[in-house]
Each structure stands twice: as C-alpha cells, then as structure tokens.
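Colleague: Before we start, here is the structure in question, set down as structure tokens.
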Amino acid sequence: MSTMIAARFHSGTGRFELTEVGIPEPGEGQVLVKVEACGICMSDVHLIQGMLPPMVPDVTPGHEAAGTVAAVGNRVPDRWKEGARVALTAGRHCRTCQACERGTGPDSCLEPQVMGLHYDGAWAEYVVVDSHQLAAIPDGLPFEQAAILADAVTTPYAALLDTAALRPSEAVGIWGLGGLGTHAVQIARMMGAAPIIAVDIDPATRERALKLGADAALDPTEDGFSERVLGLTRGRGLEVAAEFVGLNAVRVQAVASLGYGGRAVLVGLTSEPIELSDPIPFQTRMQRIQGQLGGRLRHLEELIKLVTLGRLDVSGSVTGTVALRDIHDGVRRLDRREGNPVRIVVTPPV
C-alpha cells in the first residue's frame, strides 16, 4: 500500500476534504507513525473556518496524536523500533533560528512550528514527525487518552507549571472551561492551588469544573463578579489568572482580577490587540502578562508518568470518537459544543 486517506485543508479555496494521498517517507532523523488516535482542537476548527491564518497553502490538520512506529529514517535513536507505542508532541523546532543553529536543543527554539499548521498533522492514517517529538507510552494507556495529552493537557500544564510558576496555596482563576481549561482545573488541583476559581458562561461547564476540583465556578457576566473573586481570595485577588478563551474582553477581566504581583497567562489564540482597561493598577501592583503556546517533550513525558501512576485522571476527557471518514461530523460537534465535549478524538478510517 502506497497511499492513505488524509483530511486536507486548502487555504486558497477554503475547502476541507478527505482525499487519497501518498504515504510520506521518513527522512533523516524522522519517524513514520501509524495514527491510532488524534484529538480535534478548537484551533483546528478555527483554521478550517479561516479564523486562524494558515502557514502553508495546503495542510493536514491535527496536532494531538498517538500511534505506533511504522518506519524509521536514518539517524534515529535505536529505542524507536517498529511497533513502539508513542505519543507525539504538537510541534517541532524550526531548525533555522539562532537557538537551533547553536544546537541548544528543541526546547530552546525561538520559532517552534505547530503540527497541522506549519506542516502536515495527524488527521490521516500516517504522519511523519521528527524523532525528538516522540514520547513512549505504556501498554496500559489507551491511545485516545495519550493523544489528548499532547495539547489539551500539555498546554495548560506548561502554562501553570512553568509560565505562571504556580505554587501550592496560591489562588488561581481559570477563564474558559473547554478542552484546555477543564484540564487546567485538574492540574491546578494536583499542584495544590487554593482556591481554584473556574470561570465560564456555560452553567453545565461550570458544574463539570466543580466536580473536577474547582473550589468555585463563576459566571463572568454576573454583577458583582469582581467582588466574588475578592471574597474568595480574602481580599487579595488572584496570584495567577489563566485565560483559555482568546477574547480581549476576557483578558481584561482576568488581569483586573489579579492581586499584587499577580501573573496572567494568555493561552487562547486571537488576532485581537492586547489591551488593558486601566494600566495604572497593572503597573503599581507589579503584575505580569505572558503568552503561552503548547508544551514541550518533557511536559508530555511528565504527564504520561502522572497519568500512568494515577496522579491525574483524563479517562473522562474523551467525550466521543469519530472515524477519520466522519471527520466533518467531529469538527461540527466540537464547533457547536454538542454534548458539552472536552475532546472528540479521531480514530482510523475503518
């Protein structure tokens, strides 16, 4: 067999369709992976809808993948044998920036490339990736759960652990309780944050956050929102505000909820300019804002360990699965939030 089925997005025409293409061959340092599962992320939906600028004219979306090694190229570490079970990081280093040229390692890349945006992703039967994108997964971890770790869990994990440097007993607010925000609640609980304040306009989503470990779940549109946050934090405000929505109005509210020395992490993607409704308190309270894109291989490996040893439970995160041939239905269900999904996962075509 020399061909496979892939879901292709054509930026010039806006077409998104299943098509038969050649199975890619792994080059030097690369591995061909037979895809067993790949999550559907809202950034994939935004790409297809034209809300996220494409980086290449034609691309196969999908950046939350797991599967088995099917073939390896030259100069690939010996541990990656055919049949090995692997999860894939959602991106790779660019190879051309100063850090890459210095050879300081993938984690130092200044312009990381996202799978399914800058190069072909895993809404296909096979995908080629760099060997440094692979993380081994144990036999007991289902492919569907391993796949969503690559972004839906790795991104909030990296945002809270590294970017926000969240510490035990610190107050954290989490805006947007979709696939990433839902896992941010669980991760914040695992890290010992207190209190955890979940924020979303949807009542069912807020209720889910409470069941997963949030101490309070607030509607951001209700009168007295700021007073509620102050009351829950004993008048101090939040140490950390994590935003997973991608709307500037949400960012304004998150930053306004910070206390002295508070840190805001912006994860939701948007083309809107970053604005502050009142910059004076931001300066006088010595606050910080920092962006976050994805996670690194070490984050994925740490999460695989945490899930395997039962410190983090993502078994309820796979709301449903669709075969690759039904990818359009999966995209529609996530876009319309049918059944209040955390993640819908694409599986092989048959």
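The chains in the structure tokens are called A, B, ... from first to last as shown; in each chain the residues are counted from 1, and the ligands are counted from 1 in the order shown.
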List as number ranges by chain the protein and nucleic acid residues near region 170-178 of chain A, meaning an atom at most 7 Å away when only C-alpha atoms are counted, but skip any in the same chain fewer than 3 places from it.
Modeller: A: 166-167, 181-182, 193-200, 205, 233, 238-245, 342
Colleague: Restricting it to N, CA and C atoms, dump the selection as a PDB file, in the first residue's frame.
Modeller:
ATOM      1  N   LEU A 166       3.016  28.511  39.126  1.00  0.00           N
ATOM      2  CA  LEU A 166       2.011  28.347  40.176  1.00  0.00           C
ATOM      3  C   LEU A 166       2.569  27.529  41.330  1.00  0.00           C
ATOM      4  N   ARG A 167       2.347  28.013  42.541  1.00  0.00           N
ATOM      5  CA  ARG A 167       2.837  27.335  43.736  1.00  0.00           C
ATOM      6  C   ARG A 167       1.669  26.886  44.608  1.00  0.00           C
ATOM      7  N   GLY A 181      -9.068  24.418  29.392  1.00  0.00           N
ATOM      8  CA  GLY A 181      -9.413  24.943  30.708  1.00  0.00           C
ATOM      9  C   GLY A 181      -9.888  23.882  31.679  1.00  0.00           C
ATOM     10  N   THR A 182     -10.619  22.887  31.165  1.00  0.00           N
ATOM     11  CA  THR A 182     -11.064  21.791  32.024  1.00  0.00           C
ATOM     12  C   THR A 182      -9.871  21.059  32.630  1.00  0.00           C
ATOM     13  N   ALA A 193      -3.063  24.329  44.208  1.00  0.00           N
ATOM     14  CA  ALA A 193      -3.576  25.698  44.182  1.00  0.00           C
ATOM     15  C   ALA A 193      -4.795  25.815  45.075  1.00  0.00           C
ATOM     16  N   ALA A 194      -4.976  26.992  45.705  1.00  0.00           N
ATOM     17  CA  ALA A 194      -6.125  27.196  46.581  1.00  0.00           C
ATOM     18  C   ALA A 194      -6.344  28.695  46.808  1.00  0.00           C
ATOM     19  N   PRO A 195      -7.549  29.167  46.509  1.00  0.00           N
ATOM     20  CA  PRO A 195      -8.643  28.452  45.855  1.00  0.00           C
ATOM     21  C   PRO A 195      -8.471  28.414  44.335  1.00  0.00           C
ATOM     22  N   ILE A 196      -9.212  27.493  43.720  1.00  0.00           N
ATOM     23  CA  ILE A 196      -9.289  27.408  42.268  1.00  0.00           C
ATOM     24  C   ILE A 196     -10.644  27.963  41.860  1.00  0.00           C
ATOM     25  N   ILE A 197     -10.631  29.046  41.087  1.00  0.00           N
ATOM     26  CA  ILE A 197     -11.859  29.704  40.667  1.00  0.00           C
ATOM     27  C   ILE A 197     -12.033  29.487  39.165  1.00  0.00           C
ATOM     28  N   ALA A 198     -13.045  28.721  38.783  1.00  0.00           N
ATOM     29  CA  ALA A 198     -13.311  28.424  37.376  1.00  0.00           C
ATOM     30  C   ALA A 198     -14.320  29.431  36.843  1.00  0.00           C
ATOM     31  N   VAL A 199     -14.083  29.915  35.628  1.00  0.00           N
ATOM     32  CA  VAL A 199     -14.913  30.987  35.070  1.00  0.00           C
ATOM     33  C   VAL A 199     -15.371  30.608  33.664  1.00  0.00           C
ATOM     34  N   ASP A 200     -16.690  30.593  33.452  1.00  0.00           N
ATOM     35  CA  ASP A 200     -17.237  30.276  32.135  1.00  0.00           C
ATOM     36  C   ASP A 200     -18.693  30.734  32.096  1.00  0.00           C
ATOM     37  N   THR A 205     -20.818  23.602  32.021  1.00  0.00           N
ATOM     38  CA  THR A 205     -19.351  23.573  32.045  1.00  0.00           C
ATOM     39  C   THR A 205     -18.832  23.957  33.418  1.00  0.00           C
ATOM     40  N   THR A 233     -10.791  35.171  47.681  1.00  0.00           N
ATOM     41  CA  THR A 233      -9.343  35.265  47.919  1.00  0.00           C
ATOM     42  C   THR A 233      -9.026  36.122  49.149  1.00  0.00           C
ATOM     43  N   LEU A 238      -6.166  37.383  42.762  1.00  0.00           N
ATOM     44  CA  LEU A 238      -5.531  36.154  42.299  1.00  0.00           C
ATOM     45  C   LEU A 238      -4.019  36.294  42.183  1.00  0.00           C
ATOM     46  N   GLU A 239      -3.314  35.221  42.531  1.00  0.00           N
ATOM     47  CA  GLU A 239      -1.890  35.155  42.207  1.00  0.00           C
ATOM     48  C   GLU A 239      -1.685  34.821  40.727  1.00  0.00           C
ATOM     49  N   VAL A 240      -2.577  33.978  40.188  1.00  0.00           N
ATOM     50  CA  VAL A 240      -2.458  33.550  38.794  1.00  0.00           C
ATOM     51  C   VAL A 240      -3.825  33.609  38.124  1.00  0.00           C
ATOM     52  N   ALA A 241      -3.864  34.180  36.916  1.00  0.00           N
ATOM     53  CA  ALA A 241      -5.052  34.165  36.072  1.00  0.00           C
ATOM     54  C   ALA A 241      -4.667  33.519  34.744  1.00  0.00           C
ATOM     55  N   ALA A 242      -5.337  32.437  34.386  1.00  0.00           N
ATOM     56  CA  ALA A 242      -5.039  31.718  33.143  1.00  0.00           C
ATOM     57  C   ALA A 242      -6.233  31.845  32.209  1.00  0.00           C
ATOM     58  N   GLU A 243      -5.985  32.360  31.011  1.00  0.00           N
ATOM     59  CA  GLU A 243      -7.061  32.652  30.054  1.00  0.00           C
ATOM     60  C   GLU A 243      -6.966  31.697  28.881  1.00  0.00           C
ATOM     61  N   PHE A 244      -8.059  30.941  28.616  1.00  0.00           N
ATOM     62  CA  PHE A 244      -8.086  29.938  27.557  1.00  0.00           C
ATOM     63  C   PHE A 244      -9.162  30.227  26.521  1.00  0.00           C
ATOM     64  N   VAL A 245      -9.582  31.487  26.415  1.00  0.00           N
ATOM     65  CA  VAL A 245     -10.698  31.845  25.537  1.00  0.00           C
ATOM     66  C   VAL A 245     -10.225  32.488  24.245  1.00  0.00           C
ATOM     67  N   VAL A 342     -15.304  17.721  26.033  1.00  0.00           N
ATOM     68  CA  VAL A 342     -13.954  18.108  26.424  1.00  0.00           C
ATOM     69  C   VAL A 342     -13.042  17.882  25.218  1.00  0.00           C
TER      70      VAL A 342
END
Colleague: Using only C-alpha atoms, which protein or nucleic acid residues come within 8 Å of region 284-299 of chain A? Drop anything in the same chain fewer than 6 positions from it, and give the result as a list in words.
Modeller: Thr89, Ala90, Asp107, His132, Gln133, Leu134, Ala135, Ala150, Asp151, Thr154, Thr155, Pro156, Tyr157, Ala158, Ala159, Thr163, Leu258, Gly259, Tyr260, Gly261, Gly262, Arg263, Ala264, Val265, Leu266 and Val267 of chain A
Colleague: As a PyMOL selection string, please: every residue in region 74-306 of chain A that a backbone DSSP assignment puts in alpha helix (DSSP H).
Modeller: chain A and resi 98-102+143-148+154-158+179-190+203-211+225-232+248-256+279-284+297-306
Colleague: Quick one: pick out all strand (DSSP E) residues within region 14-73 of chain A from a backbone DSSP run and write them as a tab-separated table (two decimals) with C-alpha atoms, in the first residue's frame.
Modeller:
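Printed below is selection_21.tsv as written:
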chain	number	residue	atom	x	y	z
A	15	ARG	CA	-12.00	23.55	1.03
A	16	PHE	CA	-11.69	20.89	3.71
A	17	GLU	CA	-11.99	17.38	2.36
A	18	LEU	CA	-10.92	13.77	2.65
A	19	THR	CA	-8.56	12.74	-0.10
A	20	GLU	CA	-6.19	9.96	-1.07
A	21	VAL	CA	-2.53	10.94	-0.88
A	22	GLY	CA	0.80	9.17	-0.86
A	30	GLN	CA	12.34	11.22	11.17
A	31	VAL	CA	9.80	8.52	12.00
A	32	LEU	CA	6.63	7.38	10.23
A	33	VAL	CA	3.83	6.83	12.73
A	34	LYS	CA	0.63	4.86	12.08
A	35	VAL	CA	-2.00	7.10	13.65
A	36	GLU	CA	-4.31	5.37	16.14
A	37	ALA	CA	-5.91	8.50	17.62
A	38	CYS	CA	-5.82	12.27	17.12
A	39	GLY	CA	-7.79	14.89	19.01
A	40	ILE	CA	-9.88	17.67	17.50
A	58	ASP	CA	-2.39	23.06	1.90
A	59	VAL	CA	-2.11	21.10	5.12
A	65	ALA	CA	-1.73	12.31	18.12
A	66	ALA	CA	-0.71	8.87	19.30
A	67	GLY	CA	0.04	5.68	17.43
A	68	THR	CA	2.69	3.12	16.62
A	69	VAL	CA	6.02	3.47	14.85
A	70	ALA	CA	5.67	2.15	11.30
A	71	ALA	CA	9.10	3.00	9.83
A	72	VAL	CA	12.20	4.98	10.75
Colleague: Which residues come within 7 Å of region 118-122 of chain A, counting only C-alpha atoms, excluding same-chain residues fewer than 3 positions away, as a list of chain:residue names?
Modeller: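 So the residues in contact are A:Val35, A:Cys38, A:Met55, A:Val56, A:Val59, A:Thr60, A:Pro61, A:Gly62, A:His63, A:Ala65, A:Gln113, A:Val114, A:Met115, A:Tyr126, A:Val127.
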Colleague: Nearest to Gly316 (chain A): which of A:Ala136, A:Ile344, A:Cys94, A:Leu247 is it, counting only C-alpha atoms?
Modeller: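 Counting only C-alpha atoms, the residue closest to Gly316 (chain A) is A:Ile344.
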Colleague: Could you tell me how far CA of Ala249 (chain A) sits from CA of Ser43 (chain A), in Å to one decimal place?
Modeller: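 These two atoms are separated by 19.2 Å.
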Colleague: Using only C-alpha atoms, which of the listed residues (A:Pro24, A:Gly231, A:Pro203, A:Pro54) sits closest to Asp219 (chain A)?
Modeller: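 Under the stated criterion, the closest residue is A:Pro203.
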Colleague: What is the CA of Pro53 (chain A)-CA of Gly91 (chain A) distance in Å, reported with one decimal?
Modeller: 16.8 Å
Colleague: One decimal, in Å: what's the spacing between CA of Gly73 (chain A) and CA of Met4 (chain A)?
Modeller: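 Interatomic distance, CA of Gly73 (chain A) to CA of Met4 (chain A): 19.2 Å.
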Colleague: Pick from A:Val346, A:Asp78, A:Glu125, A:Val252: nearest to Ile23 (chain A), with only C-alpha atoms counted?
Modeller: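 Looking only at the distances to Ile23 (chain A), the closest residue turns out to be A:Glu125.
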Colleague: As a PDB file with N, CA and C atoms, in the first residue's frame, please: the residues near Ile137 (chain A) (cut-off 10 Å, only C-alpha atoms, same-chain neighbours under 5 positions excluded).
Modeller:
ATOM      1  N   ALA A  66      -1.404  10.033  18.745  1.00  0.00           N
ATOM      2  CA  ALA A  66      -0.713   8.872  19.304  1.00  0.00           C
ATOM      3  C   ALA A  66      -0.867   7.722  18.322  1.00  0.00           C
ATOM      4  N   GLY A  67       0.103   6.815  18.340  1.00  0.00           N
ATOM      5  CA  GLY A  67       0.037   5.681  17.427  1.00  0.00           C
ATOM      6  C   GLY A  67       1.207   4.753  17.620  1.00  0.00           C
ATOM      7  N   THR A  68       1.577   4.058  16.552  1.00  0.00           N
ATOM      8  CA  THR A  68       2.694   3.121  16.616  1.00  0.00           C
ATOM      9  C   THR A  68       3.703   3.451  15.520  1.00  0.00           C
ATOM     10  N   ALA A  84       6.570   0.336  18.259  1.00  0.00           N
ATOM     11  CA  ALA A  84       6.608   1.062  19.537  1.00  0.00           C
ATOM     12  C   ALA A  84       5.392   1.979  19.662  1.00  0.00           C
ATOM     13  N   ARG A  85       4.785   2.000  20.850  1.00  0.00           N
ATOM     14  CA  ARG A  85       3.625   2.853  21.114  1.00  0.00           C
ATOM     15  C   ARG A  85       4.125   4.240  21.510  1.00  0.00           C
ATOM     16  N   VAL A  86       3.620   5.275  20.844  1.00  0.00           N
ATOM     17  CA  VAL A  86       4.157   6.616  21.062  1.00  0.00           C
ATOM     18  C   VAL A  86       3.042   7.659  21.059  1.00  0.00           C
ATOM     19  N   ALA A  87       3.290   8.729  21.814  1.00  0.00           N
ATOM     20  CA  ALA A  87       2.519   9.965  21.694  1.00  0.00           C
ATOM     21  C   ALA A  87       3.442  11.004  21.077  1.00  0.00           C
ATOM     22  N   PRO A 142      -4.539   3.978  27.034  1.00  0.00           N
ATOM     23  CA  PRO A 142      -5.218   3.953  25.736  1.00  0.00           C
ATOM     24  C   PRO A 142      -4.713   5.045  24.797  1.00  0.00           C
ATOM     25  N   PHE A 143      -4.688   4.749  23.512  1.00  0.00           N
ATOM     26  CA  PHE A 143      -4.218   5.724  22.536  1.00  0.00           C
ATOM     27  C   PHE A 143      -5.017   7.021  22.596  1.00  0.00           C
ATOM     28  N   ALA A 146      -3.731   9.065  25.471  1.00  0.00           N
ATOM     29  CA  ALA A 146      -2.360   9.519  25.199  1.00  0.00           C
ATOM     30  C   ALA A 146      -2.356  10.654  24.186  1.00  0.00           C
ATOM     31  N   GLU A 301       6.175  13.911  28.551  1.00  0.00           N
ATOM     32  CA  GLU A 301       6.697  12.741  29.262  1.00  0.00           C
ATOM     33  C   GLU A 301       6.293  12.760  30.738  1.00  0.00           C
ATOM     34  N   ILE A 304       2.570  11.758  30.942  1.00  0.00           N
ATOM     35  CA  ILE A 304       2.383  10.320  30.748  1.00  0.00           C
ATOM     36  C   ILE A 304       2.663   9.586  32.057  1.00  0.00           C
ATOM     37  N   LYS A 305       3.696   9.987  32.751  1.00  0.00           N
ATOM     38  CA  LYS A 305       4.032   9.376  34.043  1.00  0.00           C
ATOM     39  C   LYS A 305       2.947   9.654  35.073  1.00  0.00           C
ATOM     40  N   THR A 308      -0.176   7.624  34.170  1.00  0.00           N
ATOM     41  CA  THR A 308       0.067   6.194  34.366  1.00  0.00           C
ATOM     42  C   THR A 308       0.045   5.810  35.838  1.00  0.00           C
TER      43      THR A 308
END
Colleague: Between A:Ser277, A:Ala256, A:Gly192, A:Met51, which is the closest to Val229 (chain A) once you count only C-alpha atoms?
Modeller: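 That would be A:Ala256, the residue with the smallest distance to Val229 (chain A).
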Colleague: With distances taken over only C-alpha atoms, which residue among A:Ala204, A:Leu149, A:Met42, A:Ile327 lies nearest Arg8 (chain A)?
Modeller: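 Among the listed residues, the smallest separation from Arg8 (chain A) belongs to A:Ile327.
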